[in-house]
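So the structure is just underneath, and the comments pick up after that.
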Amino acid sequence: MDFIDPILSVATQIYTLVENVKANKKRCRRVSDRVKALEELVRSIQQRGRGQTSADVENALKELCITLNSAQELIRKYTLANWMERILNSSSHGDEFNSVNERLNDAFQVLSGALQVEQGGLLYQVFELTSREKEDEVDGREDDRELKRLLLDHMKSQQEKTEAMMREFEHLKSKVENVMEMLSKPSITDEVIRMIKPDEIKYLDDPKVPFMTTGTSEVYRGEYHGFQVAVKRYTEPVNTSPREVRSVFNKEVETMKRFESPNILRMFGICVLEEDGPSPQFLIIMEYCEKGSLRQVLDSDCQLSWTRKACMCLDAAKGLYRLHQTEVKSKVHGCINSSKFLVAKDYTVKLGGFELAKTETSLKKVAKNKQTRSLCYSPPQMLSDINHVYSKAYEMYSFGVVLWEIATRRRPFEGFSDQDIYQKVCEEKFQEPLPADCPAALGHLIKACRAYDSFHRPSAGALVDKLRTAVAQLEDQ
């Protein structure tokens, strides 16, 4: 009699478990039905009271308690999260149910025989051998059919997860390889700016075809000391001797050393072809940026997230800061716009357009029609007074327009005449709007750089610090 309460408790737990099984639902419910029938027998024994049961019934109750615990554990494993792994590791889940059902049947035979239950007709139907075997066979077929579907779905799901993991692994592998390659390469700033011998340059296109042509030069892709470079050849050099060019270059090298930065286009040096001949040719060797100018990138169809745009803004600001912070008093670029920034393969932005300026001037003819600077980059002070002193604050306004271009990918004041620009900027104190989804911190900095009053524009150093914070916030989202 000590086993009756535990038996009834386990039976109740089995009924609850059956409602939550994920597989073998028919088999589990059939076990539940048979436990329910046995429960009626056990309750009838409970009603007789202590002392009214034989030793055989006591033993049968003891064994039934063990069998029900076993049945409970069998059903429980089909309710757990890892039920699929259990099935895959099981030799035969059908045999487990057969064994439990046999044990339940044996318990019924002993208890019903000992009690000679009058109302046992219905209970006997539950455990009658022929019908029980037929029921188990039907249950098994239906459960196995459902299990096949579940296994195929599971295999498909695991395959998709595996493929996703492999893609993620390949992406990680590519990143690691890129970083390892970068760490193995010599630093670009380790290269001394110097006179370069012709045989140190390898051209990457055969026959040589320039990827860019201007009125005074052709630019080719090449390789120098393991670095991809752009080789600018002057097509109509002025009548300057190689000695004079060397003299200008050597003086300018010392200045260029102060601008060494990952965000300033690297100059490797100059090269003279046919130096002793009647018509020497002059080449400038500089860092090659695969994606071209910043304006070209913004005009392309490449995808740029806000995090990527913010990083590009930060890179550009680092280049400007390095220029503004040299020990040369009031050092400015002089012509900041989106075409003066270059973009490397990894979207690193580099400031260009001022390196070896004196050397270049000595090599090319002065244009007859000097190009007028675009007014869309001019601050209101310069628009109002053409003699306004060019300064770092002036340049910060121009830079703010470049940042606006990165945020919008549009061209500033497109379709506006010079008079329209003057009216908008000087009279209306107008700023072209930013996209509605522009991150607040980034948008605030872009507006500050374009402030009407130069006093309110940030320095390049403060801008770098605040942009770095804005990038960190975007990366954390």
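In the structure tokens, the first chain shown is A, the next is B, and so on; residue numbers restart at 1 for each chain, and ligands run from 1 in the order shown.
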
Show me, as a count of residues only, the residues that have an atom within 12 Å of A:Leu265 when counting only C-alpha atoms, minus same-chain residues fewer than 2 positions from it.
40

Applying 12 Å and only C-alpha atoms, which residues near stretch 240-249 of chain A remain after dropping the ones on its own chain fewer than 2 positions away? List them as a PyMOL selection string.
chain A and resi 193-196+236-238+251-256+267-284+355-365

Could you work out how far atom CA of A:Leu434 lies from atom CA of A:Trp404, giving the answer in Å with one decimal?
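Interatomic distance here is 7.1 Å.
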
Residue contacts of stretch 467-472 of chain A (7 Å, only C-alpha atoms) excluding same-chain residues fewer than 4 positions away, as a PDB file with C-alpha atoms, in the first residue's frame:
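Output file out-v5.pdb follows:
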ATOM      1  CA  THR A 307      28.791  53.249 -39.848  1.00  0.00           C
ATOM      2  CA  ALA A 310      31.027  57.846 -40.315  1.00  0.00           C
ATOM      3  CA  CYS A 311      34.342  55.961 -40.595  1.00  0.00           C
ATOM      4  CA  LEU A 314      36.722  60.200 -39.477  1.00  0.00           C
ATOM      5  CA  ALA A 441      25.839  62.876 -33.424  1.00  0.00           C
ATOM      6  CA  LEU A 442      27.206  62.773 -36.970  1.00  0.00           C
ATOM      7  CA  LEU A 463      36.397  67.153 -34.862  1.00  0.00           C
ATOM      8  CA  ASP A 476      27.929  49.416 -30.687  1.00  0.00           C
TER       9      ASP A 476
END

For A:Met84, find every residue with an atom within 12 Å (counting only C-alpha atoms), except residues of its own chain fewer than 4 positions away, and show them as a list in words.
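Result of the neighbour search: Val21, Lys22, Ala23, Asn24, Lys77, Tyr78, Thr79, Leu80, Leu88, Asn89, Ser90, His93, Leu147, Lys148, Leu150, Leu151, Leu152, Asp153, His154, Met155 and Gln158 of chain A.
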
Please identify which residues in stretch 342-433 of chain A DSSP calls alpha helix (DSSP H) from the backbone, and express them as a count of residues only.
32

Neighbour list for A:Ile406 as a PyMOL selection string, cut-off 10 Å, only C-alpha atoms, skip fewer than 6 positions in-chain:
chain A and resi 294-295+297-298+304+306+308-310+312-313+338+400

Residue selection dump (C-alpha atoms) as a PDB file, in the first residue's frame:
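Written out: out-v8.pdb:
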ATOM      1  CA  LEU A 294      35.935  60.146 -52.811  1.00  0.00           C
ATOM      2  CA  ARG A 295      33.618  61.824 -55.318  1.00  0.00           C
ATOM      3  CA  VAL A 297      32.947  56.458 -54.736  1.00  0.00           C
ATOM      4  CA  LEU A 298      29.957  58.614 -53.765  1.00  0.00           C
ATOM      5  CA  LEU A 304      27.589  52.571 -47.728  1.00  0.00           C
ATOM      6  CA  TRP A 306      25.968  54.923 -41.774  1.00  0.00           C
ATOM      7  CA  ARG A 308      30.888  53.115 -43.028  1.00  0.00           C
ATOM      8  CA  LYS A 309      30.082  56.764 -43.840  1.00  0.00           C
ATOM      9  CA  ALA A 310      31.027  57.846 -40.315  1.00  0.00           C
ATOM     10  CA  MET A 312      35.052  57.686 -43.913  1.00  0.00           C
ATOM     11  CA  CYS A 313      34.319  61.062 -42.299  1.00  0.00           C
ATOM     12  CA  SER A 338      35.568  65.671 -52.452  1.00  0.00           C
ATOM     13  CA  GLY A 400      32.027  70.397 -43.720  1.00  0.00           C
TER      14      GLY A 400
END
